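Peer 1: This one is final36.pdb, PDB, C-alpha atoms.
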```pdb
ATOM      1  CA  MET A1217     -40.198 -12.678  25.908
ATOM      2  CA  LEU A1218     -37.055 -12.625  23.777
ATOM      3  CA  ARG A1219     -36.536  -9.129  22.392
ATOM      4  CA  SER A1220     -33.325  -9.570  20.375
ATOM      5  CA  PHE A1221     -31.594 -12.362  18.453
ATOM      6  CA  LEU A1222     -27.834 -12.185  18.950
ATOM      7  CA  ARG A1223     -26.879 -15.878  18.952
ATOM      8  CA  VAL A1224     -28.627 -19.208  18.570
ATOM      9  CA  SER A1225     -28.312 -19.972  22.285
ATOM     10  CA  ASP A1226     -30.687 -17.040  22.952
ATOM     11  CA  LEU A1227     -33.460 -19.359  21.739
ATOM     12  CA  SER A1228     -35.358 -22.115  23.458
ATOM     13  CA  GLU A1229     -35.987 -25.380  21.647
ATOM     14  CA  ARG A1230     -39.572 -24.241  21.087
ATOM     15  CA  ASP A1231     -38.350 -20.906  19.674
ATOM     16  CA  LEU A1232     -36.226 -22.710  17.114
ATOM     17  CA  VAL A1233     -39.199 -24.731  15.921
ATOM     18  CA  THR A1234     -41.330 -21.579  15.827
ATOM     19  CA  LEU A1235     -38.823 -19.819  13.579
ATOM     20  CA  LEU A1236     -38.433 -22.768  11.224
ATOM     21  CA  ASP A1237     -42.202 -23.233  10.988
ATOM     22  CA  ARG A1238     -42.738 -19.538  10.238
ATOM     23  CA  ALA A1239     -39.963 -19.580   7.644
ATOM     24  CA  ALA A1240     -41.626 -22.524   5.903
ATOM     25  CA  ALA A1241     -44.946 -20.670   5.967
ATOM     26  CA  TYR A1242     -43.355 -17.602   4.390
ATOM     27  CA  LYS A1243     -41.741 -19.720   1.705
ATOM     28  CA  ALA A1244     -45.143 -21.197   0.864
ATOM     29  CA  ALA A1245     -46.922 -17.810   0.985
ATOM     30  CA  PRO A1246     -44.482 -14.856   0.835
ATOM     31  CA  GLY A1247     -47.230 -12.240   1.108
ATOM     32  CA  ARG A1248     -48.939 -13.678   4.185
ATOM     33  CA  SER A1249     -47.951 -10.778   6.491
ATOM     34  CA  SER A1250     -47.503  -7.950   4.028
ATOM     35  CA  GLU A1251     -48.940  -5.403   6.474
ATOM     36  CA  LEU A1252     -46.866  -6.374   9.531
ATOM     37  CA  LEU A1253     -44.408  -3.465   9.193
ATOM     38  CA  ARG A1254     -46.658  -1.069   7.280
ATOM     39  CA  GLY A1255     -45.645   2.529   7.956
ATOM     40  CA  GLN A1256     -42.495   1.463   9.824
ATOM     41  CA  SER A1257     -38.800   1.205   9.006
ATOM     42  CA  VAL A1258     -36.039  -1.245   9.844
ATOM     43  CA  THR A1259     -32.480   0.059   9.983
ATOM     44  CA  LEU A1260     -29.864  -2.269   8.519
ATOM     45  CA  TYR A1261     -26.306  -1.372   9.531
ATOM     46  CA  PHE A1262     -23.700  -3.325   7.570
ATOM     47  CA  ASN A1263     -20.115  -2.719   8.623
ATOM     48  CA  LYS A1264     -18.926  -5.547   6.319
ATOM     49  CA  PRO A1265     -19.680  -6.432   2.694
ATOM     50  CA  SER A1266     -22.615  -8.781   2.164
ATOM     51  CA  THR A1267     -24.609 -10.293  -0.680
ATOM     52  CA  ARG A1268     -27.071 -12.885   0.647
ATOM     53  CA  THR A1269     -27.640 -11.505   4.149
ATOM     54  CA  ARG A1270     -28.055  -7.892   3.078
ATOM     55  CA  ILE A1271     -30.357  -8.548   0.132
ATOM     56  CA  SER A1272     -32.408 -11.139   2.018
ATOM     57  CA  PHE A1273     -33.068  -8.752   4.921
ATOM     58  CA  GLU A1274     -33.830  -5.784   2.657
ATOM     59  CA  THR A1275     -36.273  -7.955   0.714
ATOM     60  CA  ALA A1276     -37.756  -9.385   3.915
ATOM     61  CA  VAL A1277     -38.513  -5.924   5.316
ATOM     62  CA  HIS A1278     -40.116  -4.878   2.028
ATOM     63  CA  ARG A1279     -42.256  -8.026   1.832
ATOM     64  CA  LEU A1280     -43.471  -7.387   5.370
ATOM     65  CA  GLY A1281     -44.607  -3.926   4.306
ATOM     66  CA  GLY A1282     -41.784  -1.918   5.884
ATOM     67  CA  LEU A1283     -39.092   0.443   4.652
ATOM     68  CA  PRO A1284     -35.529  -0.923   4.834
ATOM     69  CA  ILE A1285     -33.020   1.838   5.619
ATOM     70  CA  MET A1286     -29.545   0.684   4.629
ATOM     71  CA  VAL A1287     -26.595   2.407   6.335
ATOM     72  CA  GLY A1288     -22.860   1.737   6.506
ATOM     73  CA  PRO A1289     -19.971   2.848   8.714
ATOM     74  CA  ASN A1290     -19.671   6.178   6.902
ATOM     75  CA  ASP A1291     -23.359   7.007   7.294
ATOM     76  CA  LEU A1292     -23.710   7.084  11.076
ATOM     77  CA  GLN A1293     -22.160   9.349  13.660
ATOM     78  CA  MET A1294     -20.595   6.340  15.396
ATOM     79  CA  GLY A1295     -17.781   6.803  12.922
ATOM     80  CA  ARG A1296     -17.216  10.291  14.376
ATOM     81  CA  GLY A1297     -17.306   9.386  18.036
ATOM     82  CA  GLU A1298     -20.962   9.003  19.019
ATOM     83  CA  THR A1299     -21.316   6.135  21.456
ATOM     84  CA  ILE A1300     -22.969   2.855  20.559
ATOM     85  CA  GLU A1301     -25.469   3.440  23.348
ATOM     86  CA  ASP A1302     -26.524   6.884  22.134
ATOM     87  CA  THR A1303     -26.899   5.569  18.589
ATOM     88  CA  ALA A1304     -29.056   2.694  19.859
ATOM     89  CA  ARG A1305     -31.330   5.035  21.801
ATOM     90  CA  VAL A1306     -31.803   7.326  18.799
ATOM     91  CA  ILE A1307     -32.477   4.573  16.249
ATOM     92  CA  SER A1308     -34.968   3.033  18.674
ATOM     93  CA  ARG A1309     -37.033   6.235  18.317
ATOM     94  CA  PHE A1310     -37.130   5.890  14.521
ATOM     95  CA  SER A1311     -37.160   2.212  13.560
ATOM     96  CA  ARG A1312     -39.073  -0.922  14.510
ATOM     97  CA  ALA A1313     -35.951  -3.117  14.485
ATOM     98  CA  PHE A1314     -32.202  -2.940  13.934
ATOM     99  CA  VAL A1315     -30.232  -5.484  11.896
ATOM    100  CA  THR A1316     -26.450  -5.331  12.024
ATOM    101  CA  ARG A1317     -23.422  -7.028  10.499
ATOM    102  CA  THR A1318     -20.318  -5.941  12.356
ATOM    103  CA  TYR A1319     -17.143  -7.193  14.016
ATOM    104  CA  ALA A1320     -16.973  -7.532  17.811
ATOM    105  CA  ASP A1321     -19.783  -9.336  19.612
ATOM    106  CA  GLU A1322     -19.387  -6.797  22.403
ATOM    107  CA  GLU A1323     -20.587  -4.028  20.078
ATOM    108  CA  ILE A1324     -23.886  -5.689  19.274
ATOM    109  CA  SER A1325     -24.407  -6.640  22.930
ATOM    110  CA  ARG A1326     -23.950  -3.025  23.986
ATOM    111  CA  PHE A1327     -26.324  -1.856  21.259
ATOM    112  CA  SER A1328     -28.962  -4.377  22.304
ATOM    113  CA  GLU A1329     -28.728  -3.423  25.982
ATOM    114  CA  ALA A1330     -29.315   0.246  25.184
ATOM    115  CA  ALA A1331     -31.954  -0.254  22.470
ATOM    116  CA  THR A1332     -35.669  -0.573  23.075
ATOM    117  CA  ILE A1333     -36.320  -2.353  19.764
ATOM    118  CA  PRO A1334     -35.365  -5.836  18.511
ATOM    119  CA  VAL A1335     -31.710  -6.161  17.503
ATOM    120  CA  ILE A1336     -30.737  -8.919  15.066
ATOM    121  CA  ASN A1337     -27.216 -10.244  14.560
ATOM    122  CA  ALA A1338     -26.583 -10.527  10.829
ATOM    123  CA  LEU A1339     -22.981 -11.674  11.534
ATOM    124  CA  THR A1340     -20.317 -10.870  14.087
ATOM    125  CA  ASP A1341     -16.854 -12.268  14.679
ATOM    126  CA  GLY A1342     -18.246 -14.937  16.981
ATOM    127  CA  HIS A1343     -21.682 -15.831  15.625
ATOM    128  CA  HIS A1344     -23.856 -16.009  12.514
ATOM    129  CA  PRO A1345     -27.238 -17.102  13.910
ATOM    130  CA  CYS A1346     -29.398 -16.147  10.923
ATOM    131  CA  GLN A1347     -27.231 -18.324   8.692
ATOM    132  CA  ALA A1348     -27.742 -21.282  11.017
ATOM    133  CA  LEU A1349     -31.513 -20.904  10.714
ATOM    134  CA  ALA A1350     -31.276 -21.090   6.926
ATOM    135  CA  ASP A1351     -29.012 -24.128   7.260
ATOM    136  CA  LEU A1352     -31.474 -26.008   9.452
ATOM    137  CA  MET A1353     -34.398 -25.006   7.256
ATOM    138  CA  THR A1354     -32.606 -26.501   4.253
ATOM    139  CA  LEU A1355     -31.843 -29.715   6.129
ATOM    140  CA  ARG A1356     -35.416 -30.030   7.389
ATOM    141  CA  GLU A1357     -36.727 -29.621   3.840
ATOM    142  CA  ARG A1358     -34.434 -32.380   2.631
ATOM    143  CA  PHE A1359     -34.783 -34.861   5.511
ATOM    144  CA  THR A1360     -38.193 -33.858   6.992
ATOM    145  CA  LYS A1361     -36.772 -33.920  10.525
ATOM    146  CA  LEU A1362     -33.579 -32.724  12.207
ATOM    147  CA  GLU A1363     -33.378 -34.916  15.282
ATOM    148  CA  GLY A1364     -30.754 -37.632  14.873
ATOM    149  CA  LEU A1365     -29.123 -36.227  11.721
ATOM    150  CA  VAL A1366     -25.324 -36.177  11.602
ATOM    151  CA  VAL A1367     -24.049 -32.777  10.452
ATOM    152  CA  THR A1368     -20.319 -32.456   9.779
ATOM    153  CA  TYR A1369     -18.495 -29.159   9.384
ATOM    154  CA  VAL A1370     -15.077 -29.339   7.687
ATOM    155  CA  GLY A1371     -12.518 -26.519   7.572
ATOM    156  CA  ALA A1372     -11.600 -23.584   9.784
ATOM    157  CA  GLY A1373     -13.623 -23.018  12.930
ATOM    158  CA  ASN A1374     -15.414 -19.665  12.798
ATOM    159  CA  ASN A1375     -18.676 -17.836  13.458
ATOM    160  CA  VAL A1376     -20.573 -20.116  11.063
ATOM    161  CA  THR A1377     -19.237 -23.189  12.877
ATOM    162  CA  HIS A1378     -20.295 -21.763  16.237
ATOM    163  CA  SER A1379     -23.871 -20.967  15.244
ATOM    164  CA  LEU A1380     -24.373 -24.200  13.308
ATOM    165  CA  MET A1381     -23.088 -26.140  16.314
ATOM    166  CA  GLU A1382     -25.503 -24.411  18.684
ATOM    167  CA  ALA A1383     -28.405 -24.844  16.263
ATOM    168  CA  CYS A1384     -27.755 -28.563  15.821
ATOM    169  CA  ALA A1385     -27.560 -28.976  19.597
ATOM    170  CA  LEU A1386     -30.965 -27.333  20.095
ATOM    171  CA  ALA A1387     -32.498 -29.324  17.218
ATOM    172  CA  GLY A1388     -31.225 -32.667  18.505
ATOM    173  CA  ALA A1389     -28.888 -33.204  15.550
ATOM    174  CA  HIS A1390     -25.423 -34.654  16.082
ATOM    175  CA  PHE A1391     -22.677 -32.203  15.163
ATOM    176  CA  ARG A1392     -19.102 -33.030  14.229
ATOM    177  CA  SER A1393     -16.414 -30.527  13.342
ATOM    178  CA  ALA A1394     -13.158 -31.423  11.628
ATOM    179  CA  THR A1395     -10.679 -28.573  11.975
ATOM    180  CA  PRO A1396      -6.899 -28.255  12.309
ATOM    181  CA  ALA A1397      -5.881 -27.633  15.906
ATOM    182  CA  ALA A1398      -4.685 -24.139  14.967
ATOM    183  CA  TYR A1399      -8.129 -23.222  13.621
ATOM    184  CA  ALA A1400     -10.458 -25.003  16.041
ATOM    185  CA  ALA A1401     -13.818 -23.683  17.195
ATOM    186  CA  ASP A1402     -13.943 -21.638  20.399
ATOM    187  CA  PRO A1403     -13.787 -24.144  23.306
ATOM    188  CA  GLY A1404     -16.225 -22.102  25.385
ATOM    189  CA  ILE A1405     -18.834 -22.183  22.632
ATOM    190  CA  VAL A1406     -18.287 -25.923  22.180
ATOM    191  CA  GLU A1407     -18.979 -26.529  25.865
ATOM    192  CA  ASN A1408     -22.038 -24.292  25.742
ATOM    193  CA  ALA A1409     -23.380 -26.251  22.768
ATOM    194  CA  ARG A1410     -22.946 -29.473  24.729
ATOM    195  CA  ARG A1411     -24.983 -27.976  27.568
ATOM    196  CA  LEU A1412     -27.683 -26.941  25.092
ATOM    197  CA  ALA A1413     -27.907 -30.356  23.427
ATOM    198  CA  LYS A1414     -31.400 -31.852  23.233
ATOM    199  CA  HIS A1415     -32.615 -35.385  22.531
ATOM    200  CA  GLY A1416     -29.204 -36.988  23.003
ATOM    201  CA  ALA A1417     -27.399 -34.845  20.422
ATOM    202  CA  LYS A1418     -23.628 -35.230  20.486
ATOM    203  CA  ILE A1419     -21.171 -32.404  19.833
ATOM    204  CA  GLU A1420     -17.818 -33.756  18.668
ATOM    205  CA  THR A1421     -14.654 -31.858  17.764
ATOM    206  CA  LEU A1422     -12.234 -33.819  15.606
ATOM    207  CA  THR A1423      -9.171 -33.106  13.498
ATOM    208  CA  ASP A1424      -9.495 -35.882  10.882
ATOM    209  CA  PRO A1425     -11.906 -34.862   8.087
ATOM    210  CA  VAL A1426     -12.346 -38.432   6.853
ATOM    211  CA  GLU A1427     -13.370 -39.646  10.294
ATOM    212  CA  ALA A1428     -15.758 -36.725  10.725
ATOM    213  CA  VAL A1429     -17.446 -37.098   7.340
ATOM    214  CA  THR A1430     -17.888 -40.870   7.465
ATOM    215  CA  GLY A1431     -21.592 -41.683   7.743
ATOM    216  CA  ALA A1432     -22.680 -38.021   7.808
ATOM    217  CA  ASP A1433     -26.041 -36.798   6.513
ATOM    218  CA  CYS A1434     -24.642 -33.347   5.749
ATOM    219  CA  VAL A1435     -21.167 -32.121   4.865
ATOM    220  CA  TYR A1436     -20.735 -28.391   5.383
ATOM    221  CA  THR A1437     -17.809 -26.079   4.733
ATOM    222  CA  ASP A1438     -17.014 -22.374   4.580
ATOM    223  CA  THR A1439     -14.278 -20.171   3.197
ATOM    224  CA  TRP A1440     -10.871 -20.625   4.789
ATOM    225  CA  HIS A1441     -10.219 -16.897   4.931
ATOM    226  CA  SER A1442     -11.573 -13.988   6.916
ATOM    227  CA  MET A1443     -12.137 -10.546   5.420
ATOM    228  CA  GLY A1444      -8.939  -8.522   5.507
ATOM    229  CA  ASP A1445      -6.534 -11.415   6.104
ATOM    230  CA  PRO A1446      -3.021 -10.387   4.982
ATOM    231  CA  ASP A1447      -1.455 -12.352   2.124
ATOM    232  CA  GLU A1448       0.925 -14.244   4.404
ATOM    233  CA  GLU A1449      -1.963 -15.355   6.619
ATOM    234  CA  ARG A1450      -3.965 -16.499   3.593
ATOM    235  CA  ALA A1451      -1.014 -18.531   2.340
ATOM    236  CA  GLN A1452      -0.530 -20.153   5.735
ATOM    237  CA  ARG A1453      -4.209 -21.020   6.040
ATOM    238  CA  ALA A1454      -4.272 -22.526   2.549
ATOM    239  CA  GLN A1455      -1.363 -24.781   3.412
ATOM    240  CA  VAL A1456      -2.772 -25.975   6.735
ATOM    241  CA  LEU A1457      -6.323 -26.375   5.461
ATOM    242  CA  GLY A1458      -5.488 -28.107   2.172
ATOM    243  CA  PRO A1459      -6.359 -31.574   3.542
ATOM    244  CA  TYR A1460      -9.792 -30.256   4.559
ATOM    245  CA  ARG A1461     -10.930 -29.454   1.021
ATOM    246  CA  VAL A1462     -14.315 -31.036   0.291
ATOM    247  CA  ASP A1463     -13.904 -32.979  -2.928
ATOM    248  CA  ALA A1464     -15.793 -35.917  -4.404
ATOM    249  CA  THR A1465     -13.564 -38.433  -2.604
ATOM    250  CA  LEU A1466     -14.255 -36.912   0.816
ATOM    251  CA  LEU A1467     -17.978 -36.449   0.155
ATOM    252  CA  ALA A1468     -18.210 -40.120  -0.847
ATOM    253  CA  ARG A1469     -17.388 -41.063   2.768
ATOM    254  CA  ALA A1470     -20.716 -39.575   3.840
ATOM    255  CA  LYS A1471     -24.020 -41.384   3.386
ATOM    256  CA  PRO A1472     -25.195 -41.791  -0.235
ATOM    257  CA  THR A1473     -28.138 -39.558   0.657
ATOM    258  CA  ALA A1474     -25.920 -36.853   2.182
ATOM    259  CA  VAL A1475     -26.202 -33.216   1.149
ATOM    260  CA  PHE A1476     -23.470 -30.631   0.745
ATOM    261  CA  LEU A1477     -23.955 -27.143   2.214
ATOM    262  CA  HIS A1478     -21.878 -23.967   2.070
ATOM    263  CA  CYS A1479     -22.947 -20.554   3.377
ATOM    264  CA  LEU A1480     -21.295 -18.852   0.359
ATOM    265  CA  PRO A1481     -19.413 -17.129  -1.120
ATOM    266  CA  ALA A1482     -17.414 -20.189  -2.144
ATOM    267  CA  HIS A1483     -13.784 -20.005  -3.143
ATOM    268  CA  ARG A1484     -13.993 -22.832  -5.632
ATOM    269  CA  GLY A1485     -10.861 -24.917  -5.786
ATOM    270  CA  GLU A1486      -9.954 -24.039  -2.219
ATOM    271  CA  GLU A1487     -12.419 -25.279   0.416
ATOM    272  CA  VAL A1488     -14.631 -27.032  -2.154
ATOM    273  CA  THR A1489     -14.260 -28.319  -5.702
ATOM    274  CA  ASP A1490     -16.595 -27.497  -8.573
ATOM    275  CA  GLU A1491     -17.439 -31.179  -8.794
ATOM    276  CA  VAL A1492     -19.004 -31.039  -5.330
ATOM    277  CA  ALA A1493     -20.442 -27.512  -5.414
ATOM    278  CA  ASP A1494     -22.295 -28.202  -8.656
ATOM    279  CA  SER A1495     -23.301 -31.785  -7.871
ATOM    280  CA  ALA A1496     -26.792 -33.160  -7.334
ATOM    281  CA  GLN A1497     -25.919 -33.430  -3.636
ATOM    282  CA  SER A1498     -25.314 -29.688  -3.369
ATOM    283  CA  PHE A1499     -28.146 -27.593  -1.930
ATOM    284  CA  VAL A1500     -26.188 -24.355  -1.561
ATOM    285  CA  PHE A1501     -28.609 -22.251  -3.597
ATOM    286  CA  ASP A1502     -31.677 -23.548  -1.763
ATOM    287  CA  GLN A1503     -29.736 -22.712   1.392
ATOM    288  CA  ALA A1504     -29.064 -19.182   0.110
ATOM    289  CA  GLU A1505     -32.725 -18.659  -0.817
ATOM    290  CA  ASN A1506     -33.813 -19.818   2.605
ATOM    291  CA  LYS A1507     -32.032 -16.849   4.163
ATOM    292  CA  LEU A1508     -34.896 -14.723   2.848
ATOM    293  CA  HIS A1509     -37.599 -16.853   4.434
ATOM    294  CA  THR A1510     -35.786 -17.164   7.761
ATOM    295  CA  SER A1511     -35.147 -13.403   7.793
ATOM    296  CA  MET A1512     -38.873 -12.822   7.457
ATOM    297  CA  ALA A1513     -39.509 -15.335  10.237
ATOM    298  CA  VAL A1514     -37.034 -13.656  12.613
ATOM    299  CA  LEU A1515     -38.454 -10.183  12.017
ATOM    300  CA  ASP A1516     -42.021 -11.465  12.402
ATOM    301  CA  ALA A1517     -41.334 -13.412  15.603
ATOM    302  CA  LEU A1518     -39.444 -10.582  17.308
ATOM    303  CA  VAL A1519     -41.887  -7.854  16.337
ATOM    304  CA  THR A1520     -44.904  -9.895  17.448
ATOM    305  CA  GLY A1521     -43.256 -11.157  20.645
ATOM    306  CA  ALA A1522     -43.538 -14.824  19.700
ATOM    307  CA  LEU A1523     -40.225 -15.998  21.208
ATOM    308  CA  GLN A1524     -39.830 -16.898  24.856
ATOM    309  CA  GLY A1525     -36.020 -17.030  24.979
ATOM    310  CA  ALA A1526     -33.714 -19.625  26.474
ATOM    311  CA  VAL A1527     -34.917 -21.070  29.750
TER     312      VAL A1527
END
```
Now, as a test, write the supplied structure out as structure tokens.

Peer 2:
Amino acid sequence: MLRSFLRVSDLSERDLVTLLDRAAAYKAAPGRSSELLRGQSVTLYFNKPSTRTRISFETAVHRLGGLPIMVGPNDLQMGRGETIEDTARVISRFSRAFVTRTYADEEISRFSEAATIPVINALTDGHHPCQALADLMTLRERFTKLEGLVVTYVGAGNNVTHSLMEACALAGAHFRSATPAAYAADPGIVENARRLAKHGAKIETLTDPVEAVTGADCVYTDTWHSMGDPDEERAQRAQVLGPYRVDATLLARAKPTAVFLHCLPAHRGEEVTDEVADSAQSFVFDQAENKLHTSMAVLDALVTGALQGAV
């Protein structure tokens, strides 16, 4: 049984389908498990700012009948020297699950190893697995099935790229990334995604955005900048990534039925133009809404022991 959800590759192919099916069920009937967490709390530790992920998880806990307890870096004794392990052991005595958005993947791994409750990665430097679930849910709603779709990510390789790549591999969707060499996805994660690939899915890493987008069913991008980047780094990234902006000309190289996705927040005029973000091909707000339904599905599946884990 899978106890925690730290990255997409923790899941089996069956687990992924289970989560997407449960998310769809919650979207159709939000109150279907309103007693699941009755009388229990879920601690949400956010060490970074968040709009969609934070509000979706707080709402998900409430809809499942639980009490969301929101804490930040100044609220816990970890900021004053208490170890991650001691904090994990204590919170496990109080809460039914722990959701965290933090920096190093090592931190959440240590927390999960010491905890006796489900731990959910709401974003780390290396992975954003809950976002990938919302992405696939949105694509499945639009295309009915995921197997055989061509999903192209354009921009700077990052945690969103990594999780989307792993999710596409498990779902049997072909994944292409178009990134500058200086901002490529982690090679180790790329190779792991290739090992995960089901149903003949191909994982391709390219540098030419036009080549990558041509014939795609989905064009996906994310902000070029990380939180806290110094001004000189932001300027350098903007210069290198300029050719990777998703505009109407680039999107037109995809299939006529292609959709545009972005995990948001969007820096309009940088990685994407208004013309694309507000077009009929853009499903970014459906994608954002689906974070709520997938959050409910993740909490449900972990609490009820419905996931078997990667095999």

Peer 1: Would you kindly translate the PyMOL selection byres ((chain A and resi 1487) around 6) into the concrete residues it picks from this file, as a VMD selection string?

Peer 2: chain A and resid 1461 1486 1488

Peer 1: Smallest atom-to-atom distance to A:Ala1385: which of A:Leu1457, A:Ser1225, A:Ala1330, A:Ala1451, using all atoms listed in the file?

Peer 2: A:Ser1225

Peer 1: Could you list the residues chosen by the PyMOL selection byres ((chain A and resi 1300) around 12) in this structure as a short mmCIF file (atom, residue, chain, number, x, y, z; two decimals) with C-alpha atoms, in the frame of the given file?

Peer 2:
```cif
data_model
loop_
_atom_site.label_atom_id
_atom_site.label_comp_id
_atom_site.auth_asym_id
_atom_site.auth_seq_id
_atom_site.Cartn_x
_atom_site.Cartn_y
_atom_site.Cartn_z
CA LEU A 1292 -23.71 7.08 11.08
CA GLN A 1293 -22.16 9.35 13.66
CA MET A 1294 -20.60 6.34 15.40
CA GLY A 1295 -17.78 6.80 12.92
CA ARG A 1296 -17.22 10.29 14.38
CA GLY A 1297 -17.31 9.39 18.04
CA GLU A 1298 -20.96 9.00 19.02
CA THR A 1299 -21.32 6.14 21.46
CA GLU A 1301 -25.47 3.44 23.35
CA ASP A 1302 -26.52 6.88 22.13
CA THR A 1303 -26.90 5.57 18.59
CA ALA A 1304 -29.06 2.69 19.86
CA ARG A 1305 -31.33 5.04 21.80
CA VAL A 1306 -31.80 7.33 18.80
CA ILE A 1307 -32.48 4.57 16.25
CA GLU A 1322 -19.39 -6.80 22.40
CA GLU A 1323 -20.59 -4.03 20.08
CA ILE A 1324 -23.89 -5.69 19.27
CA SER A 1325 -24.41 -6.64 22.93
CA ARG A 1326 -23.95 -3.02 23.99
CA PHE A 1327 -26.32 -1.86 21.26
CA SER A 1328 -28.96 -4.38 22.30
CA GLU A 1329 -28.73 -3.42 25.98
CA ALA A 1330 -29.32 0.25 25.18
CA ALA A 1331 -31.95 -0.25 22.47
#
```

Peer 1: What lies within 10 Å of A:Thr1439 using all atoms listed in the file, ignoring chain neighbours under 5 positions off, as a VMD selection string?

Peer 2: chain A and resid 1371 to 1372 1374 1478 to 1484 1486 to 1488

Peer 1: Going by the chain IDs and residue numbers used in this file, which residues fall under the PyMOL selection byres ((chain A and resi 1404-1418) around 9)? Write them as a PyMOL selection string.

Peer 2: chain A and resi 1225+1229+1363-1365+1378+1381-1392+1401-1403+1419-1421

Peer 1: Could you check which of A:Val1514, A:Val1366, A:Val1429, A:Ala1468 is closest to A:Pro1345, using all atoms listed in the file?

Peer 2: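 Checking each of A:Val1514, A:Val1366, A:Val1429, A:Ala1468 against A:Pro1345, counting all atoms listed in the file, the winner is A:Val1514.
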
Peer 1: Any idea what the distance is between atom CA of A:Phe1262 and atom CA of A:Gln1503?

Peer 2: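 We find that atom CA of A:Phe1262 and atom CA of A:Gln1503 lie 21.2 Å from each other.
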
Peer 1: Between atom CA of A:Asp1502 and atom CA of A:Val1376, what is the distance, to one decimal in Å?

Peer 2: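 Answer for the atom CA of A:Asp1502 to atom CA of A:Val1376 separation: 17.3 Å.
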
Peer 1: Using all atoms listed in the file, pick whichever of A:Ser1498, A:Ser1511, A:Thr1520, A:Thr1430 has the shortest atom-to-atom distance to A:Ala1239.

Peer 2: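 For A:Ala1239, the nearest of the candidates is A:Ser1511.
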
Peer 1: A:Leu1508, A:Val1335, A:Val1435, A:Val1233: which is nearest A:Phe1273, counting all atoms listed in the file?

Peer 2: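 Using all atoms listed in the file, A:Phe1273 sits closest to A:Leu1508.
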
Peer 1: Do a neighbour search on A:Val1456 at 12 Å with only C-alpha atoms, toss out local chain neighbours closer than 2 positions, and write the hits as a list of chain:residue names.

Peer 2: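 The residues that qualify are A:Gly1371, A:Ala1372, A:Thr1395, A:Pro1396, A:Ala1397, A:Ala1398, A:Tyr1399, A:Thr1423, A:Trp1440, A:His1441, A:Glu1449, A:Arg1450, A:Ala1451, A:Gln1452, A:Arg1453, A:Ala1454, A:Gly1458, A:Pro1459, A:Tyr1460, A:Arg1461, A:Glu1486, A:Glu1487.
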
Peer 1: Between atom CA of A:Pro1334 and atom CA of A:Leu1227, what is the spacing in Å?

Peer 2: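 Computing it gives 14.0 Å between the two atoms.
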
Peer 1: Let me make sure I understand: among A:Val1224, A:Ala1517, A:Leu1253, A:Met1512, which one has the smallest atom-to-atom distance to A:Leu1339 if we use only C-alpha atoms?

Peer 2: A:Val1224

Peer 1: Under the rule that all atoms listed in the file are counted, which of A:Ile1336, A:Val1370, A:Leu1349, A:Val1462 is the nearest residue to A:Thr1318?

Peer 2: A:Ile1336

Peer 1: Could you list, with a cut-off of 8 Å and counting only C-alpha atoms, the residues of stretch 1467-1527 of chain A near stretch 1241-1248 of chain A, each shown with its nearest atom pair and the distance in Å rounded to one decimal, rows sorted by chain and ascending number, as JSON lines?

Peer 2:
```
{"residue": "A:Asn1506", "atom": "CA", "partner": "A:Lys1243", "partner_atom": "CA", "distance": 8.0}
{"residue": "A:His1509", "atom": "CA", "partner": "A:Lys1243", "partner_atom": "CA", "distance": 5.7}
{"residue": "A:Met1512", "atom": "CA", "partner": "A:Tyr1242", "partner_atom": "CA", "distance": 7.2}
{"residue": "A:Ala1513", "atom": "CA", "partner": "A:Tyr1242", "partner_atom": "CA", "distance": 7.4}
```

Peer 1: Can you pull out the residues contacting A:Asp1231? Cut-off 9 Å, using only C-alpha atoms, and skip same-chain residues under 6 positions away; I want them as an NGL selection string.

Peer 2: :A and (1522-1526)

Peer 1: Any idea what's packed within 8 Å of A:Arg1254, counting only C-alpha atoms, ignoring anything in its chain fewer than 6 positions away? Could you give it as a PDB file with C-alpha atoms, in the coordinates of the input?

Peer 2:
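Result file follows (part.pdb):
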```pdb
ATOM      1  CA  LEU A1280     -43.471  -7.387   5.370  1.00  0.00           C
ATOM      2  CA  GLY A1281     -44.607  -3.926   4.306  1.00  0.00           C
ATOM      3  CA  GLY A1282     -41.784  -1.918   5.884  1.00  0.00           C
TER       4      GLY A1282
END
```

Peer 1: Extending 4 Å beyond the listed atoms of stretch 1222-1232 of chain A on each side, what axis-aligned box results? I want centre and edge lengths in Å to one decimal, as JSON.

Peer 2:
```
{"center_x": -33.2, "center_y": -18.8, "center_z": 20.3, "size_x": 20.7, "size_y": 21.2, "size_z": 14.3}
```
